[in-house]
Amino acid sequence: MKTIPLQQRFGSFLADGGKAVVFLAEEIEPALQAGETVVLEFEGVENMTDSFANACFANLFERHPEVGIETVARAAGNKDGVVFGLDAGFAEDLV
């Protein structure tokens, strides 16, 4: 499992769609292709623009419809935040 704390990487405001495209291509997609579960930790993130969300998440789900999202609250000691786990097999588990 690969855990990525987004606040440490991008700050508390996820805004730059260009950075999101690079992040998706260089970190998320290779990990998923290697069979890893990717956990995106949102602790400390206060806001996200449509540009960032579309560049990262919309592109991910368009390119990889087999990927599902599992939302886990109170994970990894994060009582108030939300963590998203991305796993190539999760969508199949829902069927």
# chains A, B, ... in the order shown; residues from 1 in each chain; ligands from 1
>>> residues_around(residues="A:Gly11", least_positions_apart="2", cutoff="10 Å", atoms="only C-alpha atoms", output="PyMOL selection string")
chain A and resi 5-9+13-15+44-47
>>> select_by_dssp(residues="stretch 25-62 of chain A", states="alpha helix (DSSP H)", output="NGL selection string")
:A and (29-33 or 50-53 or 59-62)
>>> write_last_selection(atoms="N, CA and C atoms", output="PDB file, in the first residue's frame")
ATOM      1  N   GLU A  29      -0.751   6.419 -11.247  1.00  0.00           N
ATOM      2  CA  GLU A  29      -0.903   5.388 -12.276  1.00  0.00           C
ATOM      3  C   GLU A  29       0.170   4.301 -12.196  1.00  0.00           C
ATOM      4  N   PRO A  30       1.451   4.635 -12.032  1.00  0.00           N
ATOM      5  CA  PRO A  30       2.447   3.560 -11.929  1.00  0.00           C
ATOM      6  C   PRO A  30       2.203   2.634 -10.733  1.00  0.00           C
ATOM      7  N   ALA A  31       1.787   3.200  -9.614  1.00  0.00           N
ATOM      8  CA  ALA A  31       1.517   2.366  -8.434  1.00  0.00           C
ATOM      9  C   ALA A  31       0.343   1.433  -8.686  1.00  0.00           C
ATOM     10  N   LEU A  32      -0.721   1.944  -9.297  1.00  0.00           N
ATOM     11  CA  LEU A  32      -1.873   1.093  -9.604  1.00  0.00           C
ATOM     12  C   LEU A  32      -1.504   0.006 -10.608  1.00  0.00           C
ATOM     13  N   GLN A  33      -0.708   0.366 -11.599  1.00  0.00           N
ATOM     14  CA  GLN A  33      -0.292  -0.618 -12.596  1.00  0.00           C
ATOM     15  C   GLN A  33       0.592  -1.703 -11.989  1.00  0.00           C
ATOM     16  N   ASP A  50     -11.675  22.820  -8.918  1.00  0.00           N
ATOM     17  CA  ASP A  50     -12.161  21.907  -9.958  1.00  0.00           C
ATOM     18  C   ASP A  50     -11.019  21.505 -10.880  1.00  0.00           C
ATOM     19  N   SER A  51     -10.101  22.436 -11.132  1.00  0.00           N
ATOM     20  CA  SER A  51      -8.976  22.154 -12.015  1.00  0.00           C
ATOM     21  C   SER A  51      -8.141  20.992 -11.491  1.00  0.00           C
ATOM     22  N   PHE A  52      -7.818  21.018 -10.217  1.00  0.00           N
ATOM     23  CA  PHE A  52      -7.034  19.939  -9.624  1.00  0.00           C
ATOM     24  C   PHE A  52      -7.824  18.634  -9.640  1.00  0.00           C
ATOM     25  N   ALA A  53      -9.067  18.686  -9.202  1.00  0.00           N
ATOM     26  CA  ALA A  53      -9.899  17.477  -9.117  1.00  0.00           C
ATOM     27  C   ALA A  53     -10.098  16.843 -10.495  1.00  0.00           C
ATOM     28  N   ASN A  59      -9.487  12.348 -14.787  1.00  0.00           N
ATOM     29  CA  ASN A  59      -8.614  11.652 -15.735  1.00  0.00           C
ATOM     30  C   ASN A  59      -8.305  10.234 -15.286  1.00  0.00           C
ATOM     31  N   LEU A  60      -8.102  10.053 -13.987  1.00  0.00           N
ATOM     32  CA  LEU A  60      -7.834   8.713 -13.469  1.00  0.00           C
ATOM     33  C   LEU A  60      -8.980   7.769 -13.789  1.00  0.00           C
ATOM     34  N   PHE A  61     -10.208   8.188 -13.480  1.00  0.00           N
ATOM     35  CA  PHE A  61     -11.349   7.301 -13.674  1.00  0.00           C
ATOM     36  C   PHE A  61     -11.718   7.136 -15.148  1.00  0.00           C
ATOM     37  N   GLU A  62     -11.392   8.126 -15.967  1.00  0.00           N
ATOM     38  CA  GLU A  62     -11.622   7.978 -17.405  1.00  0.00           C
ATOM     39  C   GLU A  62     -10.648   6.956 -17.992  1.00  0.00           C
TER      40      GLU A  62
END
>>> residues_around(residues="stretch 56-58 of chain A", least_positions_apart="3", cutoff="12 Å", atoms="only C-alpha atoms", output="count of residues only")
33
>>> select_by_dssp(residues="stretch 17-70 of chain A", states="strand (DSSP E or B)", output="list in words")
Val38, Val39, Leu40, Glu41, Asn47, Met48, Gly68, Ile69 and Glu70 of chain A
>>> write_last_selection(atoms="N, CA and C atoms", output="PDB file, in the first residue's frame")
ATOM      1  N   VAL A  38      -3.422   2.614  -3.512  1.00  0.00           N
ATOM      2  CA  VAL A  38      -2.932   3.962  -3.260  1.00  0.00           C
ATOM      3  C   VAL A  38      -3.901   4.647  -2.297  1.00  0.00           C
ATOM      4  N   VAL A  39      -3.362   5.154  -1.200  1.00  0.00           N
ATOM      5  CA  VAL A  39      -4.174   5.879  -0.223  1.00  0.00           C
ATOM      6  C   VAL A  39      -3.800   7.345  -0.310  1.00  0.00           C
ATOM      7  N   LEU A  40      -4.799   8.175  -0.638  1.00  0.00           N
ATOM      8  CA  LEU A  40      -4.600   9.621  -0.704  1.00  0.00           C
ATOM      9  C   LEU A  40      -5.126  10.216   0.588  1.00  0.00           C
ATOM     10  N   GLU A  41      -4.224  10.729   1.389  1.00  0.00           N
ATOM     11  CA  GLU A  41      -4.581  11.274   2.691  1.00  0.00           C
ATOM     12  C   GLU A  41      -4.844  12.783   2.555  1.00  0.00           C
ATOM     13  N   ASN A  47      -9.071  22.904   0.878  1.00  0.00           N
ATOM     14  CA  ASN A  47      -9.868  23.185  -0.313  1.00  0.00           C
ATOM     15  C   ASN A  47      -9.189  22.578  -1.538  1.00  0.00           C
ATOM     16  N   MET A  48      -9.988  22.369  -2.579  1.00  0.00           N
ATOM     17  CA  MET A  48      -9.481  21.824  -3.834  1.00  0.00           C
ATOM     18  C   MET A  48     -10.250  22.479  -4.977  1.00  0.00           C
ATOM     19  N   GLY A  68     -11.763   1.633  -8.330  1.00  0.00           N
ATOM     20  CA  GLY A  68     -12.851   2.066  -7.460  1.00  0.00           C
ATOM     21  C   GLY A  68     -12.310   2.910  -6.328  1.00  0.00           C
ATOM     22  N   ILE A  69     -13.189   3.614  -5.661  1.00  0.00           N
ATOM     23  CA  ILE A  69     -12.800   4.448  -4.520  1.00  0.00           C
ATOM     24  C   ILE A  69     -13.407   3.846  -3.270  1.00  0.00           C
ATOM     25  N   GLU A  70     -12.595   3.702  -2.283  1.00  0.00           N
ATOM     26  CA  GLU A  70     -13.074   3.300  -0.976  1.00  0.00           C
ATOM     27  C   GLU A  70     -12.781   4.464  -0.038  1.00  0.00           C
TER      28      GLU A  70
END
